[in-house]
Amino acid sequence: MATSDRLLDAGADIWDAQKRHPFVTELADGTLDEDAFLTWVRQDYRYLLDYARVFALAGATARDEETMTRLFDIAHTTLAEELDLHRAFAAEYGLSRGALESVDKAPTCVAYTNFLLRTAYEGTLPEIAAAIYPCGQGYLDIADHMADLAPAADHRYTPFIEKYTSDEFREVVDWLRTFVDRCGDRHPDQYPAMEAAFLTSARLEYRFWEMAYRQEEWGIAARE
């Protein structure tokens with residue numbers, strides 16, 4: 001069995017929980033509360049800035065030219081295109097780019113980005129591949145699930161579903177899957193570490209939906 005399939009089997013319960021989460025089901029049918037969606041936009045914007053850094057760090061860790069080139073390219077695409085989508089979402093609600101960039105990360109966003117960056121700085125390339133895989137594969141699988149649940153008529157969240165089910169996004173996820181499989185084939189002894197990294201990221205993906213839905217805050221203000 002391919003490494004990517006082994007990882008997805010290990011995380012099957014987490015995938016199912018994501019598909020049942022009310023953020024996912026309500027976004028699919030267009031009834032998601034606007035404030036919950038804006039929480040996701042703000043926090044995912046901050047998340048993606050670090051996600052791009054992780055790909056750049058992975059590119060610096062890779063040793064073959066093709067892998068380096070593709071990892072750096074995904075980092076650039078995340079910054080140049082995916083963040084544009086978030087800025088477009090934000091603009092519809094009167095939020096500027098500056099407002100997005102000044103957002104404080106919620107606790108779950110801090111936990112997730114810190115985990116990814118620590119893995120990128122301290123982990124092996126197979127661990128990094130496994131840690132970034134749940135975001136790509138997860139968003140594709142969840143968006144496909146949303147598309148199945150969505151009504152025939154478009155609604156205000158349809159662009160979200162269309163972005164993460166697009167041919168361009170599928171191509172990136174296909175490459176990520178191949179990258180994970182190649183790492184697993186070359187370093188079979190590292191599968192336990194890959195699975196641990198994958199499951200941590202997968203659990204944090206679930207917590208990210210929960211964070212947005214509950215509009216998570218720190219709950220205590222810093223002294224001014």
# chains A, B, ... in the order shown; residues from 1 in each chain; ligands from 1
call {"tool": "residues_around", "arguments": {"residues": "range 153-169 of chain A", "least_positions_apart": "6", "cutoff": "8 Å", "atoms": "only C-alpha atoms", "output": "VMD selection string"}}
result
chain A and resid 27 to 30 139 to 140 143 to 144 146 to 147
call {"tool": "write_last_selection", "arguments": {"atoms": "all heavy atoms", "output": "PDB file, in the first residue's frame"}}
result
ATOM      1  N   LEU A  27     -21.354  25.458   5.720  1.00  0.00           N
ATOM      2  CA  LEU A  27     -20.767  26.167   4.583  1.00  0.00           C
ATOM      3  C   LEU A  27     -21.280  25.555   3.286  1.00  0.00           C
ATOM      4  O   LEU A  27     -21.591  26.284   2.334  1.00  0.00           O
ATOM      5  CB  LEU A  27     -19.250  26.117   4.644  1.00  0.00           C
ATOM      6  CG  LEU A  27     -18.509  26.982   3.606  1.00  0.00           C
ATOM      7  CD1 LEU A  27     -17.181  27.491   4.156  1.00  0.00           C
ATOM      8  CD2 LEU A  27     -18.253  26.224   2.310  1.00  0.00           C
ATOM      9  N   ALA A  28     -21.389  24.236   3.256  1.00  0.00           N
ATOM     10  CA  ALA A  28     -21.839  23.552   2.038  1.00  0.00           C
ATOM     11  C   ALA A  28     -23.229  24.004   1.625  1.00  0.00           C
ATOM     12  O   ALA A  28     -23.490  24.206   0.423  1.00  0.00           O
ATOM     13  CB  ALA A  28     -21.815  22.043   2.242  1.00  0.00           C
ATOM     14  N   ASP A  29     -24.141  24.180   2.580  1.00  0.00           N
ATOM     15  CA  ASP A  29     -25.507  24.552   2.201  1.00  0.00           C
ATOM     16  C   ASP A  29     -25.756  26.060   2.246  1.00  0.00           C
ATOM     17  O   ASP A  29     -26.872  26.525   2.008  1.00  0.00           O
ATOM     18  CB  ASP A  29     -26.547  23.801   3.033  1.00  0.00           C
ATOM     19  CG  ASP A  29     -26.511  24.148   4.526  1.00  0.00           C
ATOM     20  OD1 ASP A  29     -26.007  25.225   4.890  1.00  0.00           O
ATOM     21  OD2 ASP A  29     -27.008  23.325   5.324  1.00  0.00           O
ATOM     22  N   GLY A  30     -24.691  26.826   2.564  1.00  0.00           N
ATOM     23  CA  GLY A  30     -24.800  28.275   2.514  1.00  0.00           C
ATOM     24  C   GLY A  30     -25.345  28.930   3.760  1.00  0.00           C
ATOM     25  O   GLY A  30     -25.581  30.148   3.768  1.00  0.00           O
ATOM     26  N   TYR A 139      -8.374  19.506   2.415  1.00  0.00           N
ATOM     27  CA  TYR A 139      -9.232  20.522   1.801  1.00  0.00           C
ATOM     28  C   TYR A 139      -9.866  20.007   0.519  1.00  0.00           C
ATOM     29  O   TYR A 139     -11.035  20.309   0.229  1.00  0.00           O
ATOM     30  CB  TYR A 139      -8.441  21.809   1.541  1.00  0.00           C
ATOM     31  CG  TYR A 139      -8.595  22.808   2.659  1.00  0.00           C
ATOM     32  CD1 TYR A 139      -8.017  22.573   3.904  1.00  0.00           C
ATOM     33  CD2 TYR A 139      -9.335  23.976   2.493  1.00  0.00           C
ATOM     34  CE1 TYR A 139      -8.169  23.467   4.951  1.00  0.00           C
ATOM     35  CE2 TYR A 139      -9.493  24.882   3.521  1.00  0.00           C
ATOM     36  CZ  TYR A 139      -8.909  24.625   4.757  1.00  0.00           C
ATOM     37  OH  TYR A 139      -9.082  25.504   5.784  1.00  0.00           O
ATOM     38  N   LEU A 140      -9.142  19.215  -0.257  1.00  0.00           N
ATOM     39  CA  LEU A 140      -9.734  18.645  -1.459  1.00  0.00           C
ATOM     40  C   LEU A 140     -10.864  17.685  -1.101  1.00  0.00           C
ATOM     41  O   LEU A 140     -11.968  17.771  -1.651  1.00  0.00           O
ATOM     42  CB  LEU A 140      -8.666  17.917  -2.273  1.00  0.00           C
ATOM     43  CG  LEU A 140      -9.169  17.165  -3.514  1.00  0.00           C
ATOM     44  CD1 LEU A 140      -9.873  18.111  -4.483  1.00  0.00           C
ATOM     45  CD2 LEU A 140      -8.001  16.460  -4.206  1.00  0.00           C
ATOM     46  N   ALA A 143     -13.795  19.632   0.455  1.00  0.00           N
ATOM     47  CA  ALA A 143     -14.500  20.425  -0.552  1.00  0.00           C
ATOM     48  C   ALA A 143     -15.305  19.539  -1.500  1.00  0.00           C
ATOM     49  O   ALA A 143     -16.413  19.909  -1.918  1.00  0.00           O
ATOM     50  CB  ALA A 143     -13.514  21.290  -1.331  1.00  0.00           C
ATOM     51  N   ASP A 144     -14.774  18.368  -1.863  1.00  0.00           N
ATOM     52  CA  ASP A 144     -15.549  17.428  -2.666  1.00  0.00           C
ATOM     53  C   ASP A 144     -16.815  17.013  -1.919  1.00  0.00           C
ATOM     54  O   ASP A 144     -17.902  16.903  -2.510  1.00  0.00           O
ATOM     55  CB  ASP A 144     -14.710  16.188  -2.994  1.00  0.00           C
ATOM     56  CG  ASP A 144     -13.823  16.372  -4.217  1.00  0.00           C
ATOM     57  OD1 ASP A 144     -14.122  17.255  -5.049  1.00  0.00           O
ATOM     58  OD2 ASP A 144     -12.835  15.633  -4.340  1.00  0.00           O
ATOM     59  N   MET A 146     -18.309  18.829   0.400  1.00  0.00           N
ATOM     60  CA  MET A 146     -19.184  20.010   0.377  1.00  0.00           C
ATOM     61  C   MET A 146     -19.935  20.108  -0.946  1.00  0.00           C
ATOM     62  O   MET A 146     -21.126  20.440  -0.970  1.00  0.00           O
ATOM     63  CB  MET A 146     -18.360  21.280   0.588  1.00  0.00           C
ATOM     64  CG  MET A 146     -17.814  21.469   1.992  1.00  0.00           C
ATOM     65  SD  MET A 146     -16.781  22.981   2.029  1.00  0.00           S
ATOM     66  CE  MET A 146     -16.359  23.060   3.763  1.00  0.00           C
ATOM     67  N   ALA A 147     -19.234  19.835  -2.043  1.00  0.00           N
ATOM     68  CA  ALA A 147     -19.874  19.902  -3.357  1.00  0.00           C
ATOM     69  C   ALA A 147     -21.027  18.905  -3.459  1.00  0.00           C
ATOM     70  O   ALA A 147     -22.067  19.199  -4.073  1.00  0.00           O
ATOM     71  CB  ALA A 147     -18.845  19.648  -4.457  1.00  0.00           C
TER      72      ALA A 147
END
call {"tool": "residues_around", "arguments": {"residues": "range 51-61 of chain A", "least_positions_apart": "4", "cutoff": "8 Å", "atoms": "only C-alpha atoms", "output": "PDB file with all heavy atoms, in the first residue's frame"}}
result
ATOM      1  N   TYR A  47      -2.488  31.573   8.850  1.00  0.00           N
ATOM      2  CA  TYR A  47      -1.975  30.201   8.704  1.00  0.00           C
ATOM      3  C   TYR A  47      -1.207  30.041   7.403  1.00  0.00           C
ATOM      4  O   TYR A  47      -0.099  29.474   7.374  1.00  0.00           O
ATOM      5  CB  TYR A  47      -3.143  29.209   8.759  1.00  0.00           C
ATOM      6  CG  TYR A  47      -2.777  27.807   8.354  1.00  0.00           C
ATOM      7  CD1 TYR A  47      -2.273  26.894   9.278  1.00  0.00           C
ATOM      8  CD2 TYR A  47      -2.913  27.386   7.024  1.00  0.00           C
ATOM      9  CE1 TYR A  47      -1.923  25.606   8.888  1.00  0.00           C
ATOM     10  CE2 TYR A  47      -2.563  26.108   6.637  1.00  0.00           C
ATOM     11  CZ  TYR A  47      -2.070  25.221   7.573  1.00  0.00           C
ATOM     12  OH  TYR A  47      -1.711  23.955   7.190  1.00  0.00           O
ATOM     13  N   THR A  67      12.210  18.345  -6.909  1.00  0.00           N
ATOM     14  CA  THR A  67      11.479  18.521  -5.651  1.00  0.00           C
ATOM     15  C   THR A  67      11.660  19.936  -5.107  1.00  0.00           C
ATOM     16  O   THR A  67      10.700  20.571  -4.661  1.00  0.00           O
ATOM     17  CB  THR A  67      11.938  17.489  -4.609  1.00  0.00           C
ATOM     18  OG1 THR A  67      11.740  16.169  -5.143  1.00  0.00           O
ATOM     19  CG2 THR A  67      11.160  17.623  -3.317  1.00  0.00           C
ATOM     20  N   MET A  68      12.894  20.427  -5.151  1.00  0.00           N
ATOM     21  CA  MET A  68      13.152  21.793  -4.697  1.00  0.00           C
ATOM     22  C   MET A  68      12.299  22.790  -5.480  1.00  0.00           C
ATOM     23  O   MET A  68      11.641  23.665  -4.901  1.00  0.00           O
ATOM     24  CB  MET A  68      14.632  22.137  -4.869  1.00  0.00           C
ATOM     25  CG  MET A  68      15.580  21.390  -3.961  1.00  0.00           C
ATOM     26  SD  MET A  68      17.320  21.718  -4.386  1.00  0.00           S
ATOM     27  CE  MET A  68      17.430  23.472  -3.998  1.00  0.00           C
ATOM     28  N   THR A  69      12.308  22.644  -6.811  1.00  0.00           N
ATOM     29  CA  THR A  69      11.580  23.577  -7.664  1.00  0.00           C
ATOM     30  C   THR A  69      10.095  23.568  -7.347  1.00  0.00           C
ATOM     31  O   THR A  69       9.452  24.621  -7.232  1.00  0.00           O
ATOM     32  CB  THR A  69      11.798  23.230  -9.143  1.00  0.00           C
ATOM     33  OG1 THR A  69      13.189  23.315  -9.450  1.00  0.00           O
ATOM     34  CG2 THR A  69      11.016  24.172 -10.053  1.00  0.00           C
ATOM     35  N   ARG A  70       9.536  22.370  -7.192  1.00  0.00           N
ATOM     36  CA  ARG A  70       8.086  22.279  -6.963  1.00  0.00           C
ATOM     37  C   ARG A  70       7.695  22.809  -5.590  1.00  0.00           C
ATOM     38  O   ARG A  70       6.670  23.488  -5.444  1.00  0.00           O
ATOM     39  CB  ARG A  70       7.622  20.832  -7.124  1.00  0.00           C
ATOM     40  CG  ARG A  70       6.109  20.729  -7.265  1.00  0.00           C
ATOM     41  CD  ARG A  70       5.649  21.573  -8.455  1.00  0.00           C
ATOM     42  NE  ARG A  70       4.216  21.780  -8.461  1.00  0.00           N
ATOM     43  CZ  ARG A  70       3.342  20.974  -9.036  1.00  0.00           C
ATOM     44  NH1 ARG A  70       3.761  19.881  -9.666  1.00  0.00           N
ATOM     45  NH2 ARG A  70       2.063  21.248  -9.009  1.00  0.00           N
ATOM     46  N   LEU A  71       8.481  22.520  -4.574  1.00  0.00           N
ATOM     47  CA  LEU A  71       8.170  23.018  -3.236  1.00  0.00           C
ATOM     48  C   LEU A  71       8.235  24.542  -3.188  1.00  0.00           C
ATOM     49  O   LEU A  71       7.358  25.195  -2.602  1.00  0.00           O
ATOM     50  CB  LEU A  71       9.117  22.404  -2.207  1.00  0.00           C
ATOM     51  CG  LEU A  71       8.891  20.918  -1.921  1.00  0.00           C
ATOM     52  CD1 LEU A  71      10.067  20.331  -1.149  1.00  0.00           C
ATOM     53  CD2 LEU A  71       7.587  20.704  -1.149  1.00  0.00           C
ATOM     54  N   PHE A  72       9.266  25.118  -3.804  1.00  0.00           N
ATOM     55  CA  PHE A  72       9.340  26.578  -3.857  1.00  0.00           C
ATOM     56  C   PHE A  72       8.185  27.157  -4.670  1.00  0.00           C
ATOM     57  O   PHE A  72       7.652  28.225  -4.334  1.00  0.00           O
ATOM     58  CB  PHE A  72      10.682  27.026  -4.454  1.00  0.00           C
ATOM     59  CG  PHE A  72      11.848  26.853  -3.527  1.00  0.00           C
ATOM     60  CD1 PHE A  72      13.022  26.245  -3.970  1.00  0.00           C
ATOM     61  CD2 PHE A  72      11.797  27.294  -2.214  1.00  0.00           C
ATOM     62  CE1 PHE A  72      14.113  26.092  -3.120  1.00  0.00           C
ATOM     63  CE2 PHE A  72      12.880  27.143  -1.360  1.00  0.00           C
ATOM     64  CZ  PHE A  72      14.041  26.542  -1.819  1.00  0.00           C
ATOM     65  N   ILE A  74       5.129  25.900  -4.963  1.00  0.00           N
ATOM     66  CA  ILE A  74       3.905  25.866  -4.153  1.00  0.00           C
ATOM     67  C   ILE A  74       3.923  26.976  -3.117  1.00  0.00           C
ATOM     68  O   ILE A  74       2.894  27.614  -2.845  1.00  0.00           O
ATOM     69  CB  ILE A  74       3.727  24.489  -3.494  1.00  0.00           C
ATOM     70  CG1 ILE A  74       3.486  23.417  -4.568  1.00  0.00           C
ATOM     71  CG2 ILE A  74       2.561  24.501  -2.497  1.00  0.00           C
ATOM     72  CD1 ILE A  74       3.440  21.998  -4.038  1.00  0.00           C
ATOM     73  N   ALA A  75       5.093  27.244  -2.540  1.00  0.00           N
ATOM     74  CA  ALA A  75       5.207  28.362  -1.595  1.00  0.00           C
ATOM     75  C   ALA A  75       4.805  29.663  -2.281  1.00  0.00           C
ATOM     76  O   ALA A  75       4.043  30.475  -1.732  1.00  0.00           O
ATOM     77  CB  ALA A  75       6.625  28.458  -1.051  1.00  0.00           C
ATOM     78  N   HIS A  76       5.299  29.869  -3.498  1.00  0.00           N
ATOM     79  CA  HIS A  76       4.992  31.103  -4.245  1.00  0.00           C
ATOM     80  C   HIS A  76       3.514  31.161  -4.603  1.00  0.00           C
ATOM     81  O   HIS A  76       2.865  32.212  -4.467  1.00  0.00           O
ATOM     82  CB  HIS A  76       5.841  31.173  -5.510  1.00  0.00           C
ATOM     83  CG  HIS A  76       5.525  32.361  -6.358  1.00  0.00           C
ATOM     84  ND1 HIS A  76       4.636  32.303  -7.417  1.00  0.00           N
ATOM     85  CD2 HIS A  76       5.951  33.653  -6.299  1.00  0.00           C
ATOM     86  CE1 HIS A  76       4.538  33.488  -7.978  1.00  0.00           C
ATOM     87  NE2 HIS A  76       5.325  34.330  -7.324  1.00  0.00           N
ATOM     88  N   THR A  78       1.006  29.773  -3.109  1.00  0.00           N
ATOM     89  CA  THR A  78       0.222  30.039  -1.898  1.00  0.00           C
ATOM     90  C   THR A  78       0.187  31.532  -1.605  1.00  0.00           C
ATOM     91  O   THR A  78      -0.875  32.098  -1.306  1.00  0.00           O
ATOM     92  CB  THR A  78       0.823  29.282  -0.695  1.00  0.00           C
ATOM     93  OG1 THR A  78       0.808  27.876  -0.973  1.00  0.00           O
ATOM     94  CG2 THR A  78       0.027  29.557   0.573  1.00  0.00           C
ATOM     95  N   LEU A  79       1.340  32.173  -1.715  1.00  0.00           N
ATOM     96  CA  LEU A  79       1.418  33.610  -1.437  1.00  0.00           C
ATOM     97  C   LEU A  79       0.751  34.441  -2.522  1.00  0.00           C
ATOM     98  O   LEU A  79       0.087  35.444  -2.235  1.00  0.00           O
ATOM     99  CB  LEU A  79       2.879  34.032  -1.286  1.00  0.00           C
ATOM    100  CG  LEU A  79       3.627  33.481  -0.065  1.00  0.00           C
ATOM    101  CD1 LEU A  79       5.107  33.803  -0.179  1.00  0.00           C
ATOM    102  CD2 LEU A  79       3.048  34.042   1.224  1.00  0.00           C
ATOM    103  N   THR A 113       0.425  26.273  13.359  1.00  0.00           N
ATOM    104  CA  THR A 113       1.566  26.839  12.639  1.00  0.00           C
ATOM    105  C   THR A 113       2.878  26.572  13.371  1.00  0.00           C
ATOM    106  O   THR A 113       3.901  26.312  12.731  1.00  0.00           O
ATOM    107  CB  THR A 113       1.384  28.345  12.405  1.00  0.00           C
ATOM    108  OG1 THR A 113       1.147  29.008  13.649  1.00  0.00           O
ATOM    109  CG2 THR A 113       0.215  28.611  11.467  1.00  0.00           C
ATOM    110  N   LEU A 116       3.884  23.012  12.514  1.00  0.00           N
ATOM    111  CA  LEU A 116       4.415  22.880  11.156  1.00  0.00           C
ATOM    112  C   LEU A 116       5.813  23.477  11.033  1.00  0.00           C
ATOM    113  O   LEU A 116       6.715  22.870  10.430  1.00  0.00           O
ATOM    114  CB  LEU A 116       3.477  23.560  10.160  1.00  0.00           C
ATOM    115  CG  LEU A 116       2.125  22.888   9.914  1.00  0.00           C
ATOM    116  CD1 LEU A 116       1.271  23.752   8.993  1.00  0.00           C
ATOM    117  CD2 LEU A 116       2.298  21.490   9.327  1.00  0.00           C
ATOM    118  N   LEU A 117       6.014  24.652  11.606  1.00  0.00           N
ATOM    119  CA  LEU A 117       7.320  25.290  11.511  1.00  0.00           C
ATOM    120  C   LEU A 117       8.383  24.517  12.283  1.00  0.00           C
ATOM    121  O   LEU A 117       9.517  24.376  11.816  1.00  0.00           O
ATOM    122  CB  LEU A 117       7.233  26.733  12.006  1.00  0.00           C
ATOM    123  CG  LEU A 117       6.493  27.693  11.062  1.00  0.00           C
ATOM    124  CD1 LEU A 117       6.181  29.005  11.764  1.00  0.00           C
ATOM    125  CD2 LEU A 117       7.313  27.953   9.795  1.00  0.00           C
ATOM    126  N   ALA A 120       9.314  21.664  10.170  1.00  0.00           N
ATOM    127  CA  ALA A 120      10.127  22.100   9.034  1.00  0.00           C
ATOM    128  C   ALA A 120      11.566  22.393   9.439  1.00  0.00           C
ATOM    129  O   ALA A 120      12.506  22.119   8.678  1.00  0.00           O
ATOM    130  CB  ALA A 120       9.495  23.333   8.394  1.00  0.00           C
ATOM    131  N   TYR A 121      11.755  22.956  10.620  1.00  0.00           N
ATOM    132  CA  TYR A 121      13.108  23.292  11.080  1.00  0.00           C
ATOM    133  C   TYR A 121      13.844  22.080  11.650  1.00  0.00           C
ATOM    134  O   TYR A 121      15.067  21.954  11.484  1.00  0.00           O
ATOM    135  CB  TYR A 121      13.042  24.388  12.155  1.00  0.00           C
ATOM    136  CG  TYR A 121      12.939  25.786  11.600  1.00  0.00           C
ATOM    137  CD1 TYR A 121      11.768  26.521  11.743  1.00  0.00           C
ATOM    138  CD2 TYR A 121      14.010  26.381  10.927  1.00  0.00           C
ATOM    139  CE1 TYR A 121      11.659  27.810  11.232  1.00  0.00           C
ATOM    140  CE2 TYR A 121      13.909  27.666  10.417  1.00  0.00           C
ATOM    141  CZ  TYR A 121      12.736  28.378  10.574  1.00  0.00           C
ATOM    142  OH  TYR A 121      12.636  29.653  10.068  1.00  0.00           O
ATOM    143  N   LEU A 125      12.819  15.407   5.821  1.00  0.00           N
ATOM    144  CA  LEU A 125      11.946  15.709   4.702  1.00  0.00           C
ATOM    145  C   LEU A 125      10.698  14.808   4.689  1.00  0.00           C
ATOM    146  O   LEU A 125       9.593  15.308   4.435  1.00  0.00           O
ATOM    147  CB  LEU A 125      12.705  15.599   3.377  1.00  0.00           C
ATOM    148  CG  LEU A 125      11.983  16.186   2.161  1.00  0.00           C
ATOM    149  CD1 LEU A 125      11.746  17.692   2.339  1.00  0.00           C
ATOM    150  CD2 LEU A 125      12.802  15.935   0.888  1.00  0.00           C
ATOM    151  N   ILE A 128       8.277  16.285   7.175  1.00  0.00           N
ATOM    152  CA  ILE A 128       7.689  17.521   6.666  1.00  0.00           C
ATOM    153  C   ILE A 128       6.602  17.194   5.642  1.00  0.00           C
ATOM    154  O   ILE A 128       5.508  17.776   5.661  1.00  0.00           O
ATOM    155  CB  ILE A 128       8.761  18.427   6.044  1.00  0.00           C
ATOM    156  CG1 ILE A 128       9.838  18.789   7.066  1.00  0.00           C
ATOM    157  CG2 ILE A 128       8.125  19.696   5.485  1.00  0.00           C
ATOM    158  CD1 ILE A 128      11.056  19.491   6.470  1.00  0.00           C
TER     159      ILE A 128
END
call {"tool": "atom_distance", "arguments": {"atom1": "CA of Asp84 in chain A", "atom2": "CA of Ser96 in chain A"}}
result
11.6 Å
call {"tool": "atom_distance", "arguments": {"atom1": "CA of Asp35 in chain A", "atom2": "CA of Gln18 in chain A"}}
result
19.6 Å
call {"tool": "residues_around", "arguments": {"residues": "Ala36 in chain A", "least_positions_apart": "6", "cutoff": "8 Å", "atoms": "only C-alpha atoms", "output": "list of chain:residue names"}}
result
A:Phe23, A:Ala212, A:Tyr213, A:Arg214, A:Gln215
call {"tool": "write_last_selection", "arguments": {"atoms": "N, CA and C atoms", "output": "CSV table (one decimal), in the first residue's frame"}}
result
chain,number,residue,atom,x,y,z
A,23,PHE,N,-19.3,23.5,10.7
A,23,PHE,CA,-18.7,24.5,9.8
A,23,PHE,C,-18.7,24.0,8.4
A,212,ALA,N,-12.8,28.1,14.0
A,212,ALA,CA,-13.6,29.1,13.3
A,212,ALA,C,-15.0,29.1,13.7
A,213,TYR,N,-15.6,27.9,13.8
A,213,TYR,CA,-17.0,27.8,14.1
A,213,TYR,C,-17.4,28.5,15.5
A,214,ARG,N,-16.5,28.2,16.4
A,214,ARG,CA,-16.7,28.8,17.8
A,214,ARG,C,-16.1,30.2,17.9
A,215,GLN,N,-15.5,30.7,16.9
A,215,GLN,CA,-14.8,32.0,16.9
A,215,GLN,C,-13.9,32.1,18.2
call {"tool": "closest_atom_pairs", "arguments": {"of": "range 32-144 of chain A", "to": "range 191-208 of chain A", "cutoff": "9 Å", "atoms": "only C-alpha atoms", "output": "CSV"}}
result
residue,atom,partner,partner_atom,distance
A:Trp40,CA,A:Phe208,CA,8.1
A:Gln43,CA,A:Phe208,CA,8.8
A:Asp44,CA,A:Phe208,CA,8.7
A:Thr108,CA,A:Phe208,CA,6.4
A:Cys109,CA,A:Phe208,CA,7.0
A:Ala111,CA,A:Leu204,CA,8.0
A:Tyr112,CA,A:Leu204,CA,6.0
A:Phe115,CA,A:Ser201,CA,8.0
A:Leu116,CA,A:Ser201,CA,7.9
A:Thr119,CA,A:Ala197,CA,8.1
A:Pro126,CA,A:Met194,CA,6.3
A:Glu127,CA,A:Met194,CA,4.8
A:Ile128,CA,A:Ala197,CA,7.8
A:Ala129,CA,A:Met194,CA,7.9
A:Ala130,CA,A:Phe198,CA,4.9
A:Ala131,CA,A:Phe198,CA,4.8
A:Ile132,CA,A:Ser201,CA,7.4
A:Tyr133,CA,A:Phe198,CA,7.0
A:Pro134,CA,A:Ala202,CA,5.4
A:Cys135,CA,A:Glu205,CA,6.9
A:Gly138,CA,A:Glu205,CA,7.9
call {"tool": "residues_around", "arguments": {"residues": "Ala90 in chain A", "least_positions_apart": "5", "cutoff": "9 Å", "atoms": "only C-alpha atoms", "output": "NGL selection string"}}
result
:A and (38 or 41-42 or 85 or 95-97 or 100)
call {"tool": "select_by_dssp", "arguments": {"residues": "range 76-139 of chain A", "states": "alpha helix (DSSP H)", "output": "PyMOL selection string"}}
result
chain A and resi 76-77+83-92+97-101+107-122+125-139
